[in-house]
Amino acid sequence: MRTDLAVIGAGPAGLAAALAADRRGLRVALVDAAPEPGGQFYRQPAAGLRAERPQALHHQWRTWVGLRDRLATSSVRVLSEHHVWCVERTPDGPAVHALLGPEQEKPAEVRATAVLLATGGYETVLPFPGWTLPGVVTAGGAQAMLKGGLVVPGRTAVVAGTGPLLLPVATGLAAAGVRVAALVESADPGRLLRHAGALAGKLPEGAGYAARLLRHRVPFLARHTVVRAHGDTRLTGVTVAALDAHGRVRPGTERRLPCDTLAVSHGMLPHTDLAESLGCRLDGLTVAVDAEQRTDVPGVWAAGEATGVGGAALALAEGHIAGRSIAARLRGTVPDPGEWAPAARARARMRGYAAALDAAYAPPAHWTDRVTDDTVVCRCEEVTAGTVREALALGAGDARTVKLLTRAGMGWCQGRMCEPAVAGLAGCEPAPSRRPFARPVPLGVLAEQHEQHTERGPS
Amino acid sequence: MSEPLTCDVVVVGAGMTGAACALYAARAGLAVTVVDRGPVAGGTTGAGEGNLLVSDKAPGPELELALLSNRLWAQVAQELGRPVEYEAKGGLVVAENPETLDGLRRFADTQRAAGVTADPVPADRLHDLEPRLAPGLAGGVRYPQDAQVMPALAAAHLLRASGARLLTGREVTRVLRTADGAVRGVRTDRGDLHAPAVVNAAGTWGGELAARAGVSLPVLPRRGFVLVTEPLPPRVRHKVYAADYVADVASDSAALQTSPVVEGTAAGPVLIGASRERVGFDRSLSLPAVRALAAGATRLFPFLSGVRALRAYAGFRPYLPDHLPAIGPDPRAPGLFHACGHEGAGIGLATGTGLLIAQALTGGTPELDLTPFRPDRFPRTTKEAEQ
Amino acid sequence: MNPLELAGAGPGPAFEVTFDGRRIEALPGRTVAAALWAAGVTSWRTTRGGGRPRGVFCGIGVCFDCLVTVNDRPNQRACLVPARPGDVIRSQEGTGRAD
């Protein structure tokens with residue numbers, strides 16, 4: 001199919017952009033992998049579960065209802081269950097290549113004049129002994145399964161790591177009947193207070209969570225970390241310990257908490273694969289955009305977590321600006337930023353929050369010390385920290401060479417899970433990886449496209 | 001010059017060729033320093049499949065080098081053991097129709113005369129060798145000498161075995177020469193290294209390094225994509241490719257050419273090479289190239305249609321205009337030795353190249369005649385002629 | 001309180017699927033992973049190197065740890081694929097493909 005704008009990702013950024021562009025008369029296709037729009041943040045219970053109170057699992061419910069209702073009355077064409085594996089630059093504009101349905105075996109193509117990358121992000125979890133045991137899940141994963149499947153993995157959970165996601169996950173699990181044995185946060189809450197100025201708008205939200213933790217009697221262990229997950233074929237408990245001011249374990253503070261679930265998170269990373277293979281300039285790990293959310297590739301915009309992790313409100317503001325910019329630019333006019341001044345102000349404020357949160361929630365400085373040589377780092381290829389360290393001794397100076405010498409990052413997930421850990425062990429800054437295929441693609445699909453393209457004309 | 005010598009020889013490039021040069025030079029008794037602007041195996045070595053092929057080479061100097069190299073690889077692999085993932089799996093070249101098969105058989109006859117083991121395989125025996133091969137192929141030729149290594153691991157382990165001093169993350173900005181033109185070391189972004197001999201094992205960037213020594217060597221990049229599948233149980237036993245590959249390898253065309261080379265790996269994924277196109281150092285994904293690779297591979301092995309490609313990567317094969325590498329001393333700069341321009345065969349040809357360089361460095365008689373590989377065999381550029 | 005009660009869910013009748021030959025009940029709309037979790041199953045794959053058990057990790061289709069064989073189709077992400085009546089779900093060993 002052919003459209004004016006293809007929006008990739010139906011989370012807050014994609015929804016806001018699609019609605020803004022639709023209202024200004026563009027033909028918009030909203031391309032998303034999930035069965036229903038919403039993204040991770042507004043993930044809804046599966047329709048078959050007929051939930052009457054989905055809001056019990058959500059914050060900012062009214063914002064979602066607004067977006068949902070406007071989408072329903074808009075002309076936006078929602079292409080759900082489209083797993084985009086590549087956006088190709090062609091002489092007639094970007095071509096979006098997707099695989100259909102949960103099986104991802106059949107191809108679909110969307111041709112557009114402009115594309116907005118609203119691809120969101122995914123969680124970082126840094127390795128520790130035992131982190132591959134069943135029962136250890138990402139905090140966001142526990143939340144996604146709860147929001148979408150109305151299901152929890154066990155009876156007793158520890159929520160651990162660092163970052164603003166831990167609070168809603170702990171309170172969400174507790175509300176769903178899971179006993180939350182502890183919320184283990186490695187950062188120092190005092191550091192949050194140091195950023196109180198920048199976070200002023202966020203403090204009521206934090207206070208709300210704190211009250212809920214109290215109500216569910218969830219012990220909050222600040223400046224603590226999970227040292228090890230125990231179990232043979234299933235998680236049976238974790239050892240937690242206090243951290244000193246330098247991020248090292250304080251000797252003698254280790255204690256064991258029995259649990260069957262550990263929900264763990266060390267922050268978020270943006271999905272930049274599509275941007276990278278389009279040739280968009282990245283700024284560190286995020287897609288670089290201008291004030292209109294334009295990338296440096298003509299016809300390609302980006303918004304939301306892909307341009308910097310900052311949460312749903314920031315994504316909404318960025319998406320709105322992107323949608324208006326695209327509408328103006330495709331009509332050949334120069335947009336007036338004054339028209340979206342409120343969104344621009346919200347964007348600036350939210351980016352300030354994000355920076356303050358980033359500074360406050362950082363993984364403890366010496367986390368690699370606790371990664372024993374027998375700890376698996378690459379979950380797909382089962383590469384241990386010891387093997388990574390041997391590769392470093394062989395002359396691998398960076399994460400890419402470690403990957404070449406050890407296969408860390410060469411498996412199904414293509415390094416999305418282990419990259420921060422490998423970079424940490426190598427002592428270098430994480431750098432964006434090249435993933436020309438944002439998703440695994442059946443060779444049969446590629447082969448068939450070859451036949452089609454060569455039939456059309458000389459190759 | 002009164003500067004103390006850093007070592008006997010500086011090898012520029014910590015890829016497969018540099019590693020092999022270091023190994024044989026060290027074994028010849030030389031003190032070796034290897035310097036690379038990136039990490040170990042950071043260039044073309046890290047983007048190849050690890051082909052040790054005799055099957056794709058016509059009789060001539062390159063085939064002789066390949067035969068020598070394959071013998072040396074077997075020795076090296078025995079010494080270094082499992083970490084280099086050496087596998088003497090053999091190659092199987094198949095022809096889709098009788099005409100191609102005729103050509104392939106005639107080609108194999110000439111190779112056999114040059115010392116290659118090449119066993120004709122009739123159509124009805126192909127599936128004994130490769131049970132999952134497509135039906136209806138005309139026949140093939142089996143090459144037991146073809147083998148495979150994991151290139152990055154091989155480079156790293158050869159370097160370690162050499163005992164050479166390894167300096168990574170250091171770029172050679174100039175090859176230092178005395179007033180009378182002899183090489184006296186290299187200048188790097190972090191200090192000088194003094195040595196009476198310098199080996200240019202900079203691969204695709206070999207032309208640039210030559211220029212930094214004041215000589216010309218027309219090394220150019222040819223981009224190749226490799227597709228990597230999900231991990232599979234052992235399903236492809238040999239290096240399997242279609243007979244048209246040989247024609248593509250030798251081709252001078254700048255346009256995209258793809259002929260599938262399919263092989264399993266010890267780690268599980270199947271690798272599918274090898275497209276060839278001359279597009280400079282452009283790393284961006286070319287969907288037409290990877291689609292053509294997938295089409296070729298699924299034609300050879302239909303079961304691959306239902307297998308997923310997890311990634312594709314590009315590498316730049318360094319080639320010289322006559323498709324032969326530059327190996328040996330450079331008469332234009334005494335003390336400078338070249339070991340680059342092996343195109344897509346650098347992993348396979350590395351051991352032989354390393355041995356020849358070590359023999360040249362120590363003044364021994366090279367095992368092969370180096371004349372066809374002379375680095376000064378190309379016409380001088382206008383700029384040089386003016387000088 | 002459980003999650004279904006919390007969200008006021010009133011799903012249609014449960015249907016049957018099998019997991020390694022055992023019958024389990026699944027609610028309409030749930031993914032294979034959610035159905036298995038609800039049945040108390042947290043691992044359904046063993047790794048191809050160490051033979052270690054794995055199940056859901058990221059829960060959003062990124063990590064590929066929850067790979068499972070559904071109706072003889074290997075390497076399906078349990079966290080993405082909806083369970084359907086009669087599904088034959090099997091634990092997956094290694095590559096998920098017979099040698």
# chains A, B, ... in the order shown; residues from 1 in each chain; ligands from 1

$ residues_around --residues "region 12-19 of chain C" --least-positions-apart "6" --cutoff "8 Å" --atoms "only C-alpha atoms" --output "PDB file with all heavy atoms, in the first residue's frame"
ATOM      1  N   GLY A  48      -9.922 -10.746  24.521  1.00  0.00           N
ATOM      2  CA  GLY A  48     -10.623 -11.959  24.949  1.00  0.00           C
ATOM      3  C   GLY A  48     -10.807 -12.057  26.452  1.00  0.00           C
ATOM      4  O   GLY A  48     -11.646 -12.817  26.930  1.00  0.00           O
ATOM      5  N   LEU A  49     -10.026 -11.287  27.211  1.00  0.00           N
ATOM      6  CA  LEU A  49     -10.133 -11.359  28.673  1.00  0.00           C
ATOM      7  C   LEU A  49     -11.263 -10.475  29.205  1.00  0.00           C
ATOM      8  O   LEU A  49     -11.623 -10.537  30.375  1.00  0.00           O
ATOM      9  CB  LEU A  49      -8.797 -10.974  29.320  1.00  0.00           C
ATOM     10  CG  LEU A  49      -7.665 -11.978  29.078  1.00  0.00           C
ATOM     11  CD1 LEU A  49      -6.313 -11.402  29.490  1.00  0.00           C
ATOM     12  CD2 LEU A  49      -7.923 -13.268  29.842  1.00  0.00           C
ATOM     13  N   ARG A  50     -11.813  -9.650  28.341  1.00  0.00           N
ATOM     14  CA  ARG A  50     -12.970  -8.785  28.672  1.00  0.00           C
ATOM     15  C   ARG A  50     -12.811  -8.116  30.033  1.00  0.00           C
ATOM     16  O   ARG A  50     -13.597  -8.347  30.954  1.00  0.00           O
ATOM     17  CB  ARG A  50     -14.259  -9.606  28.648  1.00  0.00           C
ATOM     18  CG  ARG A  50     -14.568 -10.164  27.258  1.00  0.00           C
ATOM     19  CD  ARG A  50     -15.958 -10.755  27.255  1.00  0.00           C
ATOM     20  NE  ARG A  50     -16.092 -11.764  26.232  1.00  0.00           N
ATOM     21  CZ  ARG A  50     -16.924 -12.803  26.312  1.00  0.00           C
ATOM     22  NH1 ARG A  50     -17.675 -12.965  27.380  1.00  0.00           N
ATOM     23  NH2 ARG A  50     -17.002 -13.661  25.339  1.00  0.00           N
TER      24      ARG A  50
ATOM     25  N   GLU C  25      -5.592 -25.560  30.806  1.00  0.00           N
ATOM     26  CA  GLU C  25      -6.670 -24.665  30.410  1.00  0.00           C
ATOM     27  C   GLU C  25      -6.084 -23.299  30.070  1.00  0.00           C
ATOM     28  O   GLU C  25      -5.188 -22.822  30.769  1.00  0.00           O
ATOM     29  CB  GLU C  25      -7.635 -24.477  31.572  1.00  0.00           C
ATOM     30  CG  GLU C  25      -8.246 -25.766  32.057  1.00  0.00           C
ATOM     31  CD  GLU C  25      -9.746 -25.748  31.882  1.00  0.00           C
ATOM     32  OE1 GLU C  25     -10.392 -24.948  32.588  1.00  0.00           O
ATOM     33  OE2 GLU C  25     -10.250 -26.487  31.020  1.00  0.00           O
ATOM     34  N   ALA C  26      -6.583 -22.692  29.030  1.00  0.00           N
ATOM     35  CA  ALA C  26      -6.125 -21.350  28.668  1.00  0.00           C
ATOM     36  C   ALA C  26      -7.323 -20.434  28.508  1.00  0.00           C
ATOM     37  O   ALA C  26      -8.367 -20.857  28.000  1.00  0.00           O
ATOM     38  CB  ALA C  26      -5.325 -21.409  27.377  1.00  0.00           C
ATOM     39  N   LEU C  27      -7.162 -19.187  28.936  1.00  0.00           N
ATOM     40  CA  LEU C  27      -8.243 -18.219  28.771  1.00  0.00           C
ATOM     41  C   LEU C  27      -8.085 -17.519  27.426  1.00  0.00           C
ATOM     42  O   LEU C  27      -6.968 -17.257  26.981  1.00  0.00           O
ATOM     43  CB  LEU C  27      -8.193 -17.172  29.893  1.00  0.00           C
ATOM     44  CG  LEU C  27      -8.558 -17.671  31.287  1.00  0.00           C
ATOM     45  CD1 LEU C  27      -8.421 -16.533  32.300  1.00  0.00           C
ATOM     46  CD2 LEU C  27      -9.975 -18.223  31.301  1.00  0.00           C
ATOM     47  N   PRO C  28      -9.216 -17.202  26.790  1.00  0.00           N
ATOM     48  CA  PRO C  28      -9.156 -16.529  25.493  1.00  0.00           C
ATOM     49  C   PRO C  28      -8.355 -15.228  25.588  1.00  0.00           C
ATOM     50  O   PRO C  28      -8.539 -14.472  26.544  1.00  0.00           O
ATOM     51  CB  PRO C  28     -10.623 -16.228  25.161  1.00  0.00           C
ATOM     52  CG  PRO C  28     -11.439 -17.009  26.125  1.00  0.00           C
ATOM     53  CD  PRO C  28     -10.578 -17.404  27.267  1.00  0.00           C
ATOM     54  N   ALA C  83      -2.418 -18.114  22.506  1.00  0.00           N
ATOM     55  CA  ALA C  83      -2.808 -19.520  22.602  1.00  0.00           C
ATOM     56  C   ALA C  83      -4.140 -19.688  21.890  1.00  0.00           C
ATOM     57  O   ALA C  83      -5.004 -18.809  21.971  1.00  0.00           O
ATOM     58  CB  ALA C  83      -2.934 -19.918  24.065  1.00  0.00           C
ATOM     59  N   ARG C  84      -4.269 -20.804  21.161  1.00  0.00           N
ATOM     60  CA  ARG C  84      -5.520 -21.059  20.450  1.00  0.00           C
ATOM     61  C   ARG C  84      -6.013 -22.448  20.830  1.00  0.00           C
ATOM     62  O   ARG C  84      -5.199 -23.309  21.148  1.00  0.00           O
ATOM     63  CB  ARG C  84      -5.292 -20.973  18.933  1.00  0.00           C
ATOM     64  CG  ARG C  84      -4.965 -19.563  18.480  1.00  0.00           C
ATOM     65  CD  ARG C  84      -4.597 -19.532  16.996  1.00  0.00           C
ATOM     66  NE  ARG C  84      -4.245 -18.168  16.599  1.00  0.00           N
ATOM     67  CZ  ARG C  84      -3.113 -17.830  15.976  1.00  0.00           C
ATOM     68  NH1 ARG C  84      -2.211 -18.761  15.701  1.00  0.00           N
ATOM     69  NH2 ARG C  84      -2.873 -16.584  15.648  1.00  0.00           N
ATOM     70  N   PRO C  85      -7.329 -22.641  20.791  1.00  0.00           N
ATOM     71  CA  PRO C  85      -7.869 -23.936  21.215  1.00  0.00           C
ATOM     72  C   PRO C  85      -7.171 -25.085  20.486  1.00  0.00           C
ATOM     73  O   PRO C  85      -6.963 -25.025  19.273  1.00  0.00           O
ATOM     74  CB  PRO C  85      -9.345 -23.844  20.817  1.00  0.00           C
ATOM     75  CG  PRO C  85      -9.648 -22.377  20.819  1.00  0.00           C
ATOM     76  CD  PRO C  85      -8.396 -21.698  20.384  1.00  0.00           C
ATOM     77  N   GLY C  86      -6.789 -26.073  21.264  1.00  0.00           N
ATOM     78  CA  GLY C  86      -6.183 -27.266  20.675  1.00  0.00           C
ATOM     79  C   GLY C  86      -4.692 -27.168  20.396  1.00  0.00           C
ATOM     80  O   GLY C  86      -4.095 -28.123  19.900  1.00  0.00           O
ATOM     81  N   ASP C  87      -4.096 -26.041  20.690  1.00  0.00           N
ATOM     82  CA  ASP C  87      -2.662 -25.890  20.430  1.00  0.00           C
ATOM     83  C   ASP C  87      -1.863 -27.006  21.099  1.00  0.00           C
ATOM     84  O   ASP C  87      -2.122 -27.360  22.248  1.00  0.00           O
ATOM     85  CB  ASP C  87      -2.144 -24.550  20.983  1.00  0.00           C
ATOM     86  CG  ASP C  87      -2.304 -23.406  19.996  1.00  0.00           C
ATOM     87  OD1 ASP C  87      -2.653 -23.673  18.830  1.00  0.00           O
ATOM     88  OD2 ASP C  87      -2.069 -22.244  20.403  1.00  0.00           O
ATOM     89  N   VAL C  88      -0.895 -27.524  20.353  1.00  0.00           N
ATOM     90  CA  VAL C  88       0.029 -28.510  20.908  1.00  0.00           C
ATOM     91  C   VAL C  88       1.345 -27.781  21.177  1.00  0.00           C
ATOM     92  O   VAL C  88       2.081 -27.429  20.253  1.00  0.00           O
ATOM     93  CB  VAL C  88       0.236 -29.688  19.931  1.00  0.00           C
ATOM     94  CG1 VAL C  88       1.241 -30.685  20.504  1.00  0.00           C
ATOM     95  CG2 VAL C  88      -1.090 -30.372  19.650  1.00  0.00           C
ATOM     96  N   ILE C  89       1.567 -27.496  22.455  1.00  0.00           N
ATOM     97  CA  ILE C  89       2.745 -26.721  22.856  1.00  0.00           C
ATOM     98  C   ILE C  89       3.780 -27.700  23.391  1.00  0.00           C
ATOM     99  O   ILE C  89       3.462 -28.542  24.232  1.00  0.00           O
ATOM    100  CB  ILE C  89       2.361 -25.692  23.946  1.00  0.00           C
ATOM    101  CG1 ILE C  89       1.223 -24.797  23.434  1.00  0.00           C
ATOM    102  CG2 ILE C  89       3.569 -24.861  24.355  1.00  0.00           C
ATOM    103  CD1 ILE C  89       0.498 -24.052  24.548  1.00  0.00           C
ATOM    104  N   ARG C  90       4.981 -27.588  22.869  1.00  0.00           N
ATOM    105  CA  ARG C  90       6.022 -28.498  23.346  1.00  0.00           C
ATOM    106  C   ARG C  90       7.260 -27.717  23.791  1.00  0.00           C
ATOM    107  O   ARG C  90       7.642 -26.715  23.181  1.00  0.00           O
ATOM    108  CB  ARG C  90       6.417 -29.490  22.245  1.00  0.00           C
ATOM    109  CG  ARG C  90       5.378 -30.613  22.067  1.00  0.00           C
ATOM    110  CD  ARG C  90       5.881 -31.715  21.172  1.00  0.00           C
ATOM    111  NE  ARG C  90       6.035 -31.266  19.797  1.00  0.00           N
ATOM    112  CZ  ARG C  90       7.203 -31.167  19.168  1.00  0.00           C
ATOM    113  NH1 ARG C  90       8.327 -31.490  19.788  1.00  0.00           N
ATOM    114  NH2 ARG C  90       7.250 -30.742  17.926  1.00  0.00           N
ATOM    115  N   SER C  91       7.856 -28.195  24.893  1.00  0.00           N
ATOM    116  CA  SER C  91       9.129 -27.635  25.334  1.00  0.00           C
ATOM    117  C   SER C  91      10.113 -27.765  24.189  1.00  0.00           C
ATOM    118  O   SER C  91      10.075 -28.729  23.432  1.00  0.00           O
ATOM    119  CB  SER C  91       9.694 -28.421  26.506  1.00  0.00           C
ATOM    120  OG  SER C  91       8.933 -28.178  27.647  1.00  0.00           O
TER     121      SER C  91
END

$ residues_around --residues "region 50-57 of chain C" --least-positions-apart "5" --cutoff "9 Å" --atoms "only C-alpha atoms" --output "list in words"
Thr132, Leu133, Pro134, Gly135, Val136, Val137, Thr138, Gly141, Ala142, Thr233, Arg234 and Glu382 of chain A; Ala33, Val41, Thr42, Ser43, Trp44, Arg45, Cys63, Phe64, Asp65, Cys66, Leu67, Val68, Ala78, Cys79, Glu93 and Gly94 of chain C

$ write_last_selection --atoms "N, CA, C and O atoms" --output "JSON list (two decimals), in the first residue's frame"
[["chain", "number", "residue", "atom", "x", "y", "z"],
["A", 132, "THR", "N", 19.78, -16.00, 34.89],
["A", 132, "THR", "CA", 19.12, -16.71, 33.79],
["A", 132, "THR", "C", 18.09, -17.72, 34.30],
["A", 132, "THR", "O", 17.46, -18.40, 33.49],
["A", 133, "LEU", "N", 17.93, -17.83, 35.60],
["A", 133, "LEU", "CA", 16.97, -18.80, 36.14],
["A", 133, "LEU", "C", 15.53, -18.43, 35.78],
["A", 133, "LEU", "O", 15.16, -17.25, 35.85],
["A", 134, "PRO", "N", 14.72, -19.42, 35.42],
["A", 134, "PRO", "CA", 13.30, -19.13, 35.25],
["A", 134, "PRO", "C", 12.73, -18.56, 36.55],
["A", 134, "PRO", "O", 13.05, -19.04, 37.64],
["A", 135, "GLY", "N", 11.94, -17.53, 36.41],
["A", 135, "GLY", "CA", 11.44, -16.81, 37.58],
["A", 135, "GLY", "C", 12.10, -15.44, 37.68],
["A", 135, "GLY", "O", 11.56, -14.55, 38.32],
["A", 136, "VAL", "N", 13.26, -15.28, 37.04],
["A", 136, "VAL", "CA", 13.87, -13.96, 36.94],
["A", 136, "VAL", "C", 13.37, -13.34, 35.64],
["A", 136, "VAL", "O", 13.57, -13.91, 34.56],
["A", 137, "VAL", "N", 12.67, -12.23, 35.75],
["A", 137, "VAL", "CA", 12.12, -11.55, 34.57],
["A", 137, "VAL", "C", 12.48, -10.08, 34.64],
["A", 137, "VAL", "O", 12.85, -9.57, 35.71],
["A", 138, "THR", "N", 12.38, -9.41, 33.51],
["A", 138, "THR", "CA", 12.61, -7.98, 33.56],
["A", 138, "THR", "C", 11.40, -7.34, 34.25],
["A", 138, "THR", "O", 10.28, -7.87, 34.20],
["A", 141, "GLY", "N", 8.90, -6.66, 31.81],
["A", 141, "GLY", "CA", 8.29, -7.90, 31.34],
["A", 141, "GLY", "C", 7.19, -8.35, 32.28],
["A", 141, "GLY", "O", 6.10, -8.76, 31.86],
["A", 142, "ALA", "N", 7.46, -8.27, 33.59],
["A", 142, "ALA", "CA", 6.45, -8.64, 34.57],
["A", 142, "ALA", "C", 5.23, -7.74, 34.39],
["A", 142, "ALA", "O", 4.07, -8.19, 34.43],
["A", 233, "THR", "N", 16.53, -25.19, 38.92],
["A", 233, "THR", "CA", 15.83, -25.03, 37.65],
["A", 233, "THR", "C", 14.75, -23.96, 37.75],
["A", 233, "THR", "O", 14.03, -23.70, 36.80],
["A", 234, "ARG", "N", 14.66, -23.33, 38.93],
["A", 234, "ARG", "CA", 13.61, -22.33, 39.16],
["A", 234, "ARG", "C", 14.10, -21.46, 40.30],
["A", 234, "ARG", "O", 14.75, -21.95, 41.22],
["A", 382, "GLU", "N", 25.00, -18.27, 25.49],
["A", 382, "GLU", "CA", 25.54, -18.80, 26.74],
["A", 382, "GLU", "C", 27.03, -18.51, 26.89],
["A", 382, "GLU", "O", 27.83, -19.39, 27.18],
["C", 33, "ALA", "N", 2.69, -17.79, 26.64],
["C", 33, "ALA", "CA", 3.44, -17.57, 27.88],
["C", 33, "ALA", "C", 2.49, -17.31, 29.05],
["C", 33, "ALA", "O", 2.67, -17.86, 30.13],
["C", 41, "VAL", "N", 3.56, -22.96, 35.01],
["C", 41, "VAL", "CA", 4.77, -23.37, 34.28],
["C", 41, "VAL", "C", 5.62, -22.12, 34.02],
["C", 41, "VAL", "O", 5.12, -21.14, 33.48],
["C", 42, "THR", "N", 6.90, -22.15, 34.41],
["C", 42, "THR", "CA", 7.73, -20.96, 34.16],
["C", 42, "THR", "C", 8.90, -21.24, 33.23],
["C", 42, "THR", "O", 9.65, -20.34, 32.89],
["C", 43, "SER", "N", 9.13, -22.50, 32.84],
["C", 43, "SER", "CA", 10.19, -22.73, 31.85],
["C", 43, "SER", "C", 9.71, -23.74, 30.82],
["C", 43, "SER", "O", 8.98, -24.68, 31.15],
["C", 44, "TRP", "N", 10.10, -23.51, 29.55],
["C", 44, "TRP", "CA", 9.64, -24.39, 28.47],
["C", 44, "TRP", "C", 10.68, -24.45, 27.35],
["C", 44, "TRP", "O", 10.38, -24.68, 26.20],
["C", 45, "ARG", "N", 11.90, -24.21, 27.73],
["C", 45, "ARG", "CA", 12.96, -24.30, 26.73],
["C", 45, "ARG", "C", 14.23, -24.70, 27.46],
["C", 45, "ARG", "O", 14.41, -24.31, 28.62],
["C", 63, "CYS", "N", 13.89, -10.46, 23.75],
["C", 63, "CYS", "CA", 15.02, -11.27, 24.20],
["C", 63, "CYS", "C", 15.07, -12.68, 23.63],
["C", 63, "CYS", "O", 16.10, -13.33, 23.68],
["C", 64, "PHE", "N", 13.98, -13.19, 23.08],
["C", 64, "PHE", "CA", 13.92, -14.53, 22.48],
["C", 64, "PHE", "C", 14.25, -15.65, 23.47],
["C", 64, "PHE", "O", 14.62, -16.74, 23.08],
["C", 65, "ASP", "N", 14.14, -15.38, 24.77],
["C", 65, "ASP", "CA", 14.42, -16.44, 25.73],
["C", 65, "ASP", "C", 13.24, -17.40, 25.85],
["C", 65, "ASP", "O", 13.40, -18.54, 26.27],
["C", 66, "CYS", "N", 12.03, -16.95, 25.49],
["C", 66, "CYS", "CA", 10.83, -17.76, 25.72],
["C", 66, "CYS", "C", 10.47, -18.61, 24.52],
["C", 66, "CYS", "O", 9.32, -19.02, 24.38],
["C", 67, "LEU", "N", 11.44, -18.88, 23.65],
["C", 67, "LEU", "CA", 11.15, -19.66, 22.43],
["C", 67, "LEU", "C", 10.50, -21.00, 22.79],
["C", 67, "LEU", "O", 10.89, -21.65, 23.76],
["C", 68, "VAL", "N", 9.53, -21.39, 21.98],
["C", 68, "VAL", "CA", 8.76, -22.59, 22.26],
["C", 68, "VAL", "C", 8.27, -23.15, 20.93],
["C", 68, "VAL", "O", 8.23, -22.43, 19.93],
["C", 78, "ALA", "N", 6.87, -17.26, 22.95],
["C", 78, "ALA", "CA", 5.67, -17.56, 23.74],
["C", 78, "ALA", "C", 5.00, -16.28, 24.21],
["C", 78, "ALA", "O", 3.78, -16.23, 24.38],
["C", 79, "CYS", "N", 5.78, -15.20, 24.39],
["C", 79, "CYS", "CA", 5.20, -13.96, 24.92],
["C", 79, "CYS", "C", 4.44, -13.18, 23.85],
["C", 79, "CYS", "O", 3.77, -12.21, 24.16],
["C", 93, "GLU", "N", 14.01, -27.99, 22.89],
["C", 93, "GLU", "CA", 15.40, -28.24, 23.27],
["C", 93, "GLU", "C", 16.32, -27.67, 22.20],
["C", 93, "GLU", "O", 16.09, -27.88, 21.01],
["C", 94, "GLY", "N", 17.34, -26.98, 22.64],
["C", 94, "GLY", "CA", 18.38, -26.50, 21.72],
["C", 94, "GLY", "C", 17.81, -25.65, 20.61],
["C", 94, "GLY", "O", 17.10, -24.68, 20.86]]

$ residues_around --residues "Pro321 (chain B)" --least-positions-apart "4" --cutoff "9 Å" --atoms "only C-alpha atoms" --output "VMD selection string"
chain B and resid 218 to 220 252 378

$ atom_distance --atom1 "CA of Pro318 (chain B)" --atom2 "CA of Leu293 (chain B)"
20.7 Å

$ residues_around --residues "Tyr361 (chain A)" --least-positions-apart "5" --cutoff "7 Å" --atoms "only C-alpha atoms" --output "MDAnalysis selection string"
chainID A and resid 162:163 187

$ write_last_selection --atoms "all heavy atoms" --output "mmCIF file, in the first residue's frame"
data_model
loop_
_atom_site.group_PDB
_atom_site.id
_atom_site.type_symbol
_atom_site.label_atom_id
_atom_site.label_comp_id
_atom_site.auth_asym_id
_atom_site.auth_seq_id
_atom_site.Cartn_x
_atom_site.Cartn_y
_atom_site.Cartn_z
ATOM 1 N N THR A 162 17.424 -0.641 39.411
ATOM 2 C CA THR A 162 17.413 0.799 39.622
ATOM 3 C C THR A 162 16.511 1.463 38.592
ATOM 4 O O THR A 162 16.344 0.942 37.496
ATOM 5 C CB THR A 162 18.847 1.377 39.553
ATOM 6 O OG1 THR A 162 18.804 2.744 39.982
ATOM 7 C CG2 THR A 162 19.424 1.322 38.148
ATOM 8 N N GLY A 163 15.928 2.571 38.963
ATOM 9 C CA GLY A 163 15.154 3.340 37.997
ATOM 10 C C GLY A 163 13.721 3.550 38.413
ATOM 11 O O GLY A 163 13.189 2.856 39.284
ATOM 12 N N ALA A 187 20.173 2.778 43.829
ATOM 13 C CA ALA A 187 20.490 4.199 43.934
ATOM 14 C C ALA A 187 20.145 4.712 45.329
ATOM 15 O O ALA A 187 19.428 4.072 46.093
ATOM 16 C CB ALA A 187 19.731 4.991 42.880
#

$ interface_residues --of "chain C" --to "chain B" --cutoff "9 Å" --atoms "only C-alpha atoms" --output "list in words"
Gly94, Thr95, Gly96, Arg97, Ala98 and Asp99 of chain C

$ write_last_selection --atoms "N, CA and C atoms" --output "CSV table (one decimal), in the first residue's frame"
chain,number,residue,atom,x,y,z
C,94,GLY,N,17.3,-27.0,22.6
C,94,GLY,CA,18.4,-26.5,21.7
C,94,GLY,C,17.8,-25.7,20.6
C,95,THR,N,18.1,-26.0,19.4
C,95,THR,CA,17.7,-25.2,18.2
C,95,THR,C,16.2,-25.4,17.9
C,96,GLY,N,15.6,-26.3,18.5
C,96,GLY,CA,14.2,-26.5,18.3
C,96,GLY,C,13.9,-27.3,17.0
C,97,ARG,N,15.0,-27.7,16.4
C,97,ARG,CA,14.9,-28.5,15.1
C,97,ARG,C,15.6,-29.8,15.3
C,98,ALA,N,15.0,-30.9,14.8
C,98,ALA,CA,15.5,-32.2,14.9
C,98,ALA,C,16.9,-32.3,14.2
C,99,ASP,N,17.8,-33.0,14.7
C,99,ASP,CA,19.1,-33.2,14.0
C,99,ASP,C,19.0,-34.0,12.8
